[in-house]
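Trainee: The following file, work.csv, comprises CSV, C-alpha atoms and all ligand atoms:
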```
chain,number,residue,atom,x,y,z
A,116,MET,CA,-102.9,5.3,-1.3
A,117,PRO,CA,-100.5,2.7,-3.0
A,118,GLN,CA,-99.6,-0.4,-1.0
A,119,VAL,CA,-97.0,-3.0,-0.8
A,120,SER,CA,-96.9,-6.4,1.0
A,121,LEU,CA,-94.0,-7.3,3.3
A,122,ARG,CA,-92.7,-10.3,5.1
A,123,PHE,CA,-89.6,-10.3,7.4
A,124,TYR,CA,-87.7,-13.4,8.1
A,125,GLU,CA,-85.8,-15.0,11.1
A,126,GLU,CA,-84.5,-12.6,13.7
A,127,LEU,CA,-85.5,-9.5,11.8
A,128,ASN,CA,-88.9,-10.2,13.4
A,129,ASP,CA,-87.5,-9.2,16.8
A,130,PHE,CA,-87.6,-5.6,15.6
A,131,LEU,CA,-91.2,-5.6,14.6
A,132,PRO,CA,-94.3,-5.0,16.7
A,133,GLY,CA,-95.8,-8.4,17.7
A,134,SER,CA,-98.8,-8.2,15.3
A,135,LEU,CA,-96.5,-8.0,12.3
A,136,ARG,CA,-94.1,-10.8,13.1
A,137,LYS,CA,-93.7,-13.8,10.9
A,138,ARG,CA,-96.5,-13.0,8.5
A,139,THR,CA,-97.2,-11.1,5.4
A,140,PHE,CA,-98.8,-7.7,5.9
A,141,GLU,CA,-99.8,-4.7,3.9
A,142,LYS,CA,-98.2,-1.3,4.2
A,143,GLU,CA,-99.2,2.0,2.5
A,144,PHE,CA,-96.6,4.5,1.2
A,145,THR,CA,-96.7,8.0,-0.2
A,146,GLY,CA,-94.8,9.6,-3.1
A,147,THR,CA,-91.4,8.2,-4.0
A,148,GLN,CA,-90.1,6.1,-1.2
A,149,SER,CA,-87.1,3.8,-1.0
A,150,VAL,CA,-87.4,0.3,0.4
A,151,LYS,CA,-84.8,1.3,3.0
A,152,HIS,CA,-87.0,4.1,4.3
A,153,LEU,CA,-90.0,1.7,4.6
A,154,ILE,CA,-88.0,-1.0,6.3
A,155,GLU,CA,-86.5,1.5,8.8
A,156,ASN,CA,-89.9,3.1,9.5
A,157,LEU,CA,-91.0,-0.3,10.7
A,158,GLY,CA,-88.1,-0.3,13.2
A,159,VAL,CA,-85.7,-2.7,11.4
A,160,PRO,CA,-82.2,-1.2,11.1
A,161,HIS,CA,-80.9,-1.4,7.5
A,162,THR,CA,-77.6,-2.7,8.9
A,163,GLU,CA,-79.3,-5.9,9.9
A,164,VAL,CA,-80.8,-6.6,6.5
A,165,GLU,CA,-78.8,-8.8,4.1
A,166,ILE,CA,-81.1,-9.5,1.2
A,167,ILE,CA,-84.3,-7.9,-0.1
A,168,LEU,CA,-86.4,-9.6,-2.7
A,169,VAL,CA,-89.1,-7.6,-4.5
A,170,ASN,CA,-91.4,-9.8,-6.6
A,171,GLY,CA,-88.7,-12.5,-6.4
A,172,GLN,CA,-85.8,-10.2,-7.7
A,173,SER,CA,-83.0,-9.0,-5.4
A,174,VAL,CA,-82.7,-5.3,-5.1
A,175,ASP,CA,-80.6,-2.8,-3.1
A,176,LEU,CA,-81.7,-0.4,-0.4
A,177,SER,CA,-82.4,2.5,-2.8
A,178,TYR,CA,-85.1,0.6,-4.7
A,179,PRO,CA,-88.1,2.8,-5.2
A,180,LEU,CA,-91.4,1.2,-4.0
A,181,GLN,CA,-94.0,0.4,-6.7
A,182,GLU,CA,-97.7,-0.2,-6.1
A,183,GLY,CA,-98.4,-3.9,-5.4
A,184,ASP,CA,-94.7,-4.9,-4.7
A,185,ARG,CA,-94.3,-8.1,-2.7
A,186,ILE,CA,-91.2,-7.6,-0.5
A,187,SER,CA,-89.3,-10.2,1.4
A,188,VAL,CA,-86.6,-9.1,3.8
A,189,TYR,CA,-83.9,-11.5,5.1
A,190,PRO,CA,-81.1,-11.3,7.6
A,191,MET,CA,-77.7,-12.9,7.0
A,192,PHE,CA,-78.0,-16.5,6.1
A,193,GLU,CA,-75.7,-18.9,7.9
A,194,LEU,CA,-76.1,-22.1,5.8
A,195,LEU,CA,-78.1,-21.5,2.6
A,196,ASP,CA,-76.2,-20.8,-0.6
A,197,ILE,CA,-77.6,-17.5,-1.8
A,198,SER,CA,-74.6,-16.4,-3.8
A,199,PRO,CA,-76.6,-15.6,-7.0
A,200,LEU,CA,-78.6,-12.9,-5.1
A,201,LEU,CA,-77.5,-9.3,-4.5
A,202,HIS,CA,-76.0,-8.9,-1.1
A,203,LEU,CA,-76.3,-5.6,0.5
A,204,ARG,CA,-72.8,-5.8,2.1
A,205,ILE,CA,-69.6,-7.4,1.1
A,206,LYS,CA,-68.7,-10.3,3.4
A,207,PRO,CA,-66.7,-11.6,5.0
A,208,MET,CA,-64.7,-8.5,5.7
A,209,ARG,CA,-61.0,-9.1,5.2
A,210,ASP,CA,-59.7,-7.0,8.1
A,211,PRO,CA,-62.7,-6.2,10.3
A,212,ARG,CA,-62.3,-3.4,12.8
A,213,PHE,CA,-64.9,-2.4,15.3
A,214,ILE,CA,-66.2,0.4,17.5
A,215,ALA,CA,-68.4,-0.5,20.4
A,216,ASP,CA,-71.2,1.4,22.0
A,217,ALA,CA,-70.8,2.4,25.7
A,218,HIS,CA,-72.8,-0.5,27.1
A,219,LEU,CA,-70.5,-3.1,25.4
A,220,GLY,CA,-67.2,-2.6,27.4
A,221,LYS,CA,-66.8,-6.3,28.2
A,222,LEU,CA,-67.5,-7.4,24.6
A,223,SER,CA,-64.8,-4.9,23.5
A,224,ARG,CA,-62.3,-6.6,25.8
A,225,TYR,CA,-63.2,-10.0,24.4
A,226,LEU,CA,-62.7,-8.8,20.8
A,227,ARG,CA,-59.3,-7.4,21.7
A,228,LEU,CA,-58.4,-10.7,23.4
A,229,LEU,CA,-59.0,-12.4,20.0
A,230,GLY,CA,-56.8,-9.8,18.4
A,231,PHE,CA,-59.4,-7.6,16.8
A,232,ASP,CA,-59.1,-3.8,16.8
A,233,CYS,CA,-62.0,-2.5,18.8
A,234,LEU,CA,-62.4,1.1,19.9
A,235,PHE,CA,-64.3,1.7,23.1
A,236,PHE,CA,-65.1,4.8,25.0
A,237,ASN,CA,-67.2,5.2,28.1
A,238,ASP,CA,-68.7,8.5,26.9
A,239,ALA,CA,-68.1,9.0,23.2
A,240,GLY,CA,-71.8,10.0,22.4
A,241,ASP,CA,-73.8,8.7,19.5
A,242,SER,CA,-72.6,11.3,16.9
A,243,ASN,CA,-68.9,10.5,17.7
A,244,LEU,CA,-69.5,6.8,17.4
A,245,ALA,CA,-71.2,7.2,14.1
A,246,ARG,CA,-68.5,9.5,12.8
A,247,LEU,CA,-65.7,7.2,13.8
A,248,SER,CA,-67.5,4.2,12.3
A,249,VAL,CA,-67.8,5.9,9.0
A,250,GLU,CA,-64.5,7.7,8.9
A,251,GLN,CA,-62.4,4.7,9.9
A,252,GLY,CA,-64.5,2.0,8.3
A,253,ARG,CA,-65.3,0.3,11.7
A,254,VAL,CA,-68.3,-1.9,12.3
A,255,LEU,CA,-70.4,-0.2,14.9
A,256,LEU,CA,-71.5,-2.6,17.5
A,257,THR,CA,-74.6,-1.6,19.6
A,258,ARG,CA,-77.8,-2.7,21.3
A,259,ASP,CA,-79.3,0.6,20.4
A,260,ARG,CA,-81.2,0.1,17.1
A,261,GLY,CA,-82.0,3.8,17.0
A,262,LEU,CA,-78.3,4.5,16.5
A,263,LEU,CA,-78.2,2.2,13.5
A,264,ILE,CA,-81.3,3.6,12.0
A,265,ARG,CA,-80.7,7.3,12.6
A,266,ARG,CA,-77.2,7.7,11.3
A,267,ASN,CA,-75.8,7.2,7.9
A,268,ILE,CA,-73.9,4.0,8.9
A,269,THR,CA,-72.8,1.5,6.3
A,270,HIS,CA,-71.2,-1.1,8.7
A,271,GLY,CA,-73.2,-1.7,11.8
A,272,CYS,CA,-74.2,-4.8,13.8
A,273,PHE,CA,-77.1,-5.0,16.2
A,274,ILE,CA,-76.2,-7.2,19.1
A,275,HIS,CA,-79.1,-9.4,20.2
A,276,ALA,CA,-77.5,-11.2,23.2
A,277,THR,CA,-77.2,-9.5,26.6
A,278,GLU,CA,-74.4,-11.7,28.1
A,279,PRO,CA,-70.9,-10.7,26.9
A,280,ARG,CA,-69.7,-14.1,25.9
A,281,GLN,CA,-72.9,-14.8,24.0
A,282,GLN,CA,-72.5,-11.4,22.3
A,283,LEU,CA,-69.0,-12.4,21.2
A,284,MET,CA,-70.3,-15.7,19.8
A,285,GLU,CA,-73.0,-13.8,18.0
A,286,ILE,CA,-70.4,-11.6,16.2
A,287,VAL,CA,-68.0,-14.4,15.5
A,288,GLN,CA,-70.7,-16.4,13.8
A,289,ARG,CA,-72.4,-13.5,12.0
A,290,LEU,CA,-69.2,-12.0,10.6
A,291,GLN,CA,-67.5,-15.3,10.1
A,292,LEU,CA,-64.5,-14.3,12.2
A,293,GLU,CA,-63.4,-17.7,13.3
A,294,ASP,CA,-60.5,-17.9,10.8
A,295,MET,CA,-59.2,-14.5,11.8
A,296,TYR,CA,-58.4,-14.9,15.4
A,297,ASN,CA,-55.0,-13.7,16.5
A,298,PRO,CA,-55.3,-14.0,20.3
A,299,PHE,CA,-53.0,-12.4,22.8
A,300,THR,CA,-51.6,-9.8,20.4
A,301,ARG,CA,-53.6,-6.8,21.6
A,302,CYS,CA,-53.9,-5.1,24.9
A,303,MET,CA,-57.3,-5.7,26.4
A,304,GLU,CA,-57.2,-2.4,28.3
A,305,CYS,CA,-56.3,0.0,25.6
A,306,ASN,CA,-56.5,-1.8,22.2
A,307,SER,CA,-52.9,-1.3,21.2
A,308,GLN,CA,-50.5,-4.0,19.9
A,309,LEU,CA,-48.5,-6.1,22.2
A,310,THR,CA,-44.8,-6.7,21.5
A,311,THR,CA,-42.4,-9.2,23.1
A,312,VAL,CA,-40.1,-7.7,25.7
A,313,GLU,CA,-37.0,-9.2,27.3
A,314,LYS,CA,-37.4,-10.2,30.9
A,315,LYS,CA,-34.3,-8.3,32.1
A,316,ARG,CA,-35.8,-5.0,30.8
A,317,ILE,CA,-38.9,-5.3,33.0
A,318,GLU,CA,-37.7,-7.4,35.9
A,319,ASP,CA,-38.1,-4.6,38.4
A,320,GLU,CA,-41.8,-4.2,37.5
A,321,LEU,CA,-42.7,-7.8,38.2
A,322,PRO,CA,-44.2,-9.2,41.4
A,323,ASP,CA,-41.8,-11.8,42.9
A,324,PRO,CA,-43.8,-15.0,42.1
A,325,VAL,CA,-44.1,-13.9,38.4
A,326,ARG,CA,-40.4,-13.2,38.2
A,327,GLN,CA,-39.6,-16.6,39.6
A,328,HIS,CA,-42.0,-18.6,37.4
A,329,TYR,CA,-42.2,-16.9,34.0
A,330,ASN,CA,-39.7,-16.0,31.3
A,331,ASP,CA,-41.8,-14.9,28.4
A,332,PHE,CA,-43.4,-11.4,28.5
A,333,TRP,CA,-45.3,-9.0,26.3
A,334,ARG,CA,-45.8,-5.4,26.8
A,335,CYS,CA,-48.4,-3.0,25.4
A,336,SER,CA,-46.8,-0.4,23.2
A,337,GLU,CA,-49.2,2.3,24.5
A,338,CYS,CA,-50.1,1.8,28.1
A,339,GLY,CA,-47.1,-0.2,29.2
A,340,ARG,CA,-49.1,-3.0,30.7
A,341,ILE,CA,-47.1,-6.3,31.0
A,342,TYR,CA,-48.6,-9.7,30.0
A,343,TRP,CA,-47.4,-13.2,30.7
A,344,LYS,CA,-48.8,-16.7,30.4
A,345,GLY,CA,-50.1,-17.1,34.0
A,346,SER,CA,-53.3,-18.7,35.3
A,347,HIS,CA,-55.3,-15.9,33.8
A,348,TYR,CA,-53.8,-16.7,30.4
A,349,ARG,CA,-54.9,-20.4,30.8
A,350,GLU,CA,-58.5,-19.3,31.7
A,351,LEU,CA,-58.6,-17.1,28.7
A,352,ARG,CA,-57.1,-19.8,26.4
A,353,ALA,CA,-59.9,-22.2,27.5
A,354,PHE,CA,-62.4,-19.5,26.9
A,355,ILE,CA,-61.2,-19.0,23.3
A,356,ASP,CA,-61.2,-22.8,22.7
A,357,SER,CA,-64.8,-22.9,23.9
A,358,LEU,CA,-65.7,-20.3,21.4
A,359,ILE,CA,-64.2,-22.2,18.5
A,360,LEU,CA,-65.8,-25.5,19.2
A,361,PRO,CA,-69.5,-24.7,18.4
A,362,VAL,CA,-68.5,-23.1,15.1
A,363,THR,CA,-66.4,-25.9,13.8
A,364,LYS,CA,-68.9,-28.6,14.8
A,365,GLN,CA,-71.5,-27.3,12.3
A,401,ZN,ZN,-52.4,-1.1,26.7
```
Please express what this file holds, its structure, as structure tokens.
Ligand SMILES: [Zn+2]

Mentor:
Amino acid sequence: MPQVSLRFYEELNDFLPGSLRKRTFEKEFTGTQSVKHLIENLGVPHTEVEIILVNGQSVDLSYPLQEGDRISVYPMFELLDISPLLHLRIKPMRDPRFIADAHLGKLSRYLRLLGFDCLFFNDAGDSNLARLSVEQGRVLLTRDRGLLIRRNITHGCFIHATEPRQQLMEIVQRLQLEDMYNPFTRCMECNSQLTTVEKKRIEDELPDPVRQHYNDFWRCSECGRIYWKGSHYRELRAFIDSLILPVTKQ
């Protein structure tokens, strides 16, 4: 049976069985098989792969395997200049939009806080998530690699971190979102846009201390929730600033 040799780099190793990590190994294949098929059979979602080199040349996911190929598989590079190589996806996205899997509710709220459009449902189901991702051009965020492998998804992002703030950092750095923040413009509850609203129009809906101390208000165009720059705002502002620092320090 024909064979190829493979090596996966950096965090792509997390998806492999322990015995195959960080080393070159041989793999047999049958018939006409694409490099995408082989990579996903090993458990690595194609959405996590940025560059594939076969015998030193960059190829796309549809490349048909040939006997004796030497295959190197790379995730997104943060610092190296690899522009001459063929990237599997166009980055950075100009207007990234997201849809988050059911276990990423808190991450969705954080993305909305930064102004990003992020759909989230408690019970959408895998097929609906995949369909909405494809139909609406949304990056599917999930910790379920089976979802990224199984469906015909073009824009997906496996989230390695388990803590929501770390998850947000991971996405910001991987998708280079730091110049695209537009904080406090989107409702954290329902994902709709916020608009400024005159105080006199909502005065009756405000708790007394808020009415006394604040004059600037925003309201969600969809769910009607009212926002102002109270103590919660200052906490969130500090949180956003803490996100920006590690990125700009590089
Ligand atoms: Zn809302």

Trainee: May I have the residues within 10 Å of Phe235 (chain A) as a ChimeraX atom specification, using only C-alpha atoms and disregarding those fewer than 3 positions away in the same chain?

Mentor: /A:213-224,232,238-239,244,304-306

Trainee: Dump the neighbourhood of ligand ZN 401 (chain A) as a PyMOL selection string: all residues within 7 Å, distances computed on all atoms listed in the file.

Mentor: chain A and resi 302-307+335-340

Trainee: Quick check, in Å to one decimal: how far apart do CA of Arg136 (chain A) and CA of Leu263 (chain A) lie?

Mentor: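 Separating CA of Arg136 (chain A) from CA of Leu263 (chain A) is a distance of 20.5 Å.
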
Trainee: Could you please give me, as a VMD selection string, the residues of protein, DNA or RNA lying at most 12 Å from (-87.4, -13.7, 14.5) in the coordinate frame of the file, considering all atoms listed in the file?

Mentor: chain A and resid 122 to 133 135 to 138 159 188 to 190 275

Trainee: Output the selection as a PDB file, in the frame of the given file - C-alpha atoms for each residue.

Mentor:
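Result went into part-v5.pdb, see below:
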```
ATOM      1  CA  ARG A 122     -92.700 -10.300   5.100  1.00  0.00           C
ATOM      2  CA  PHE A 123     -89.600 -10.300   7.400  1.00  0.00           C
ATOM      3  CA  TYR A 124     -87.700 -13.400   8.100  1.00  0.00           C
ATOM      4  CA  GLU A 125     -85.800 -15.000  11.100  1.00  0.00           C
ATOM      5  CA  GLU A 126     -84.500 -12.600  13.700  1.00  0.00           C
ATOM      6  CA  LEU A 127     -85.500  -9.500  11.800  1.00  0.00           C
ATOM      7  CA  ASN A 128     -88.900 -10.200  13.400  1.00  0.00           C
ATOM      8  CA  ASP A 129     -87.500  -9.200  16.800  1.00  0.00           C
ATOM      9  CA  PHE A 130     -87.600  -5.600  15.600  1.00  0.00           C
ATOM     10  CA  LEU A 131     -91.200  -5.600  14.600  1.00  0.00           C
ATOM     11  CA  PRO A 132     -94.300  -5.000  16.700  1.00  0.00           C
ATOM     12  CA  GLY A 133     -95.800  -8.400  17.700  1.00  0.00           C
ATOM     13  CA  LEU A 135     -96.500  -8.000  12.300  1.00  0.00           C
ATOM     14  CA  ARG A 136     -94.100 -10.800  13.100  1.00  0.00           C
ATOM     15  CA  LYS A 137     -93.700 -13.800  10.900  1.00  0.00           C
ATOM     16  CA  ARG A 138     -96.500 -13.000   8.500  1.00  0.00           C
ATOM     17  CA  VAL A 159     -85.700  -2.700  11.400  1.00  0.00           C
ATOM     18  CA  VAL A 188     -86.600  -9.100   3.800  1.00  0.00           C
ATOM     19  CA  TYR A 189     -83.900 -11.500   5.100  1.00  0.00           C
ATOM     20  CA  PRO A 190     -81.100 -11.300   7.600  1.00  0.00           C
ATOM     21  CA  HIS A 275     -79.100  -9.400  20.200  1.00  0.00           C
TER      22      HIS A 275
END
```

Trainee: Would you kindly return, as a PyMOL selection string, each protein, DNA or RNA residue with an atom no farther than 7 Å from any atom of Pro160 (chain A), considering all atoms listed in the file and excluding same-chain residues fewer than 5 positions away?

Mentor: chain A and resi 155+260+263-264

Trainee: Give me the residues within 9 Å of Gln181 (chain A) as a PyMOL selection string, counting all atoms listed in the file and dropping any in the same chain fewer than 2 places off.

Mentor: chain A and resi 117-119+147-148+179+183-184

Trainee: Take the residues from that selection and put them in a file with C-alpha atoms, as a PDB file, in the frame of the given file.

Mentor:
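Below is the file result00.pdb, written as the result:
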```
ATOM      1  CA  PRO A 117    -100.500   2.700  -3.000  1.00  0.00           C
ATOM      2  CA  GLN A 118     -99.600  -0.400  -1.000  1.00  0.00           C
ATOM      3  CA  VAL A 119     -97.000  -3.000  -0.800  1.00  0.00           C
ATOM      4  CA  THR A 147     -91.400   8.200  -4.000  1.00  0.00           C
ATOM      5  CA  GLN A 148     -90.100   6.100  -1.200  1.00  0.00           C
ATOM      6  CA  PRO A 179     -88.100   2.800  -5.200  1.00  0.00           C
ATOM      7  CA  GLY A 183     -98.400  -3.900  -5.400  1.00  0.00           C
ATOM      8  CA  ASP A 184     -94.700  -4.900  -4.700  1.00  0.00           C
TER       9      ASP A 184
END
```

Trainee: As an exercise, work out the distance from CA of Ile186 (chain A) to CA of Leu153 (chain A) in Å and give it to one decimal place.

Mentor: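 A separation of 10.7 Å between them.
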
Trainee: Please indicate the distance in Å from CA of Cys233 (chain A) to CA of Arg212 (chain A), rounded to one decimal place.

Mentor: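 Computing the Euclidean distance for CA of Cys233 (chain A) and CA of Arg212 (chain A) yields 6.1 Å.
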
Trainee: Which neighbours of Leu229 (chain A) fall inside 8 Å, counting all atoms listed in the file, when residues of the same chain fewer than 5 positions from it are skipped, and could you give them as JSON, numbers by chain?

Mentor: {"A": [296, 297, 298, 299, 300, 301, 355]}

Trainee: Those residues with C-alpha atoms, as a PDB file, in the coordinates of the input please?

Mentor:
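Heads up, here's the output in part-v7.pdb:
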```
ATOM      1  CA  TYR A 296     -58.400 -14.900  15.400  1.00  0.00           C
ATOM      2  CA  ASN A 297     -55.000 -13.700  16.500  1.00  0.00           C
ATOM      3  CA  PRO A 298     -55.300 -14.000  20.300  1.00  0.00           C
ATOM      4  CA  PHE A 299     -53.000 -12.400  22.800  1.00  0.00           C
ATOM      5  CA  THR A 300     -51.600  -9.800  20.400  1.00  0.00           C
ATOM      6  CA  ARG A 301     -53.600  -6.800  21.600  1.00  0.00           C
ATOM      7  CA  ILE A 355     -61.200 -19.000  23.300  1.00  0.00           C
TER       8      ILE A 355
END
```

Trainee: When you count all atoms listed in the file, which of these residues is closest to Leu255 (chain A): A:Ser149, A:Thr162, A:Asp210, A:Val312?

Mentor: A:Thr162

Trainee: Which neighbours of region 316-324 of chain A fall inside 12 Å, counting all atoms listed in the file, when residues of the same chain fewer than 3 positions from it are skipped, and could you give them as a PyMOL selection string?

Mentor: chain A and resi 311-313+327-334+339-343+345

Trainee: Once you count only C-alpha atoms, what closest atom pair and distance in Å to one decimal does each residue of region 152-248 of chain A within 9 Å of region 269-272 of chain A have, with rows by chain and rising residue number, as a tab-separated table?

Mentor:
```
residue	atom	partner	partner_atom	distance
A:His161	CA	A:Thr269	CA	8.7
A:Thr162	CA	A:Gly271	CA	5.4
A:Glu163	CA	A:Cys272	CA	6.5
A:Arg204	CA	A:His270	CA	8.3
A:Ser248	CA	A:His270	CA	7.4
```

Trainee: Report as AutoDock Vina command-line options the centre and the edge lengths, in Å to one decimal, of the axis-aligned box holding every listed atom of region 284-289 of chain A, padded by 3 Å on each side.

Mentor:
```
--center_x -70.5 --center_y -14.0 --center_z 15.9 --size_x 11.0 --size_y 10.8 --size_z 13.8
```

Trainee: Identify which of the residues A:Leu228, A:Val249, A:Val325, A:Val287 lies closest to Leu351 (chain A), counting all atoms listed in the file when measuring atom-to-atom distances.

Mentor: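 Closest residue, counting all atoms listed in the file: A:Leu228.
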
Trainee: Of the candidates A:Ser134, A:Asn170, A:Ser357, A:Asn156, which shows the shortest atom-to-atom distance to Leu283 (chain A), using all atoms listed in the file?

Mentor: A:Ser357
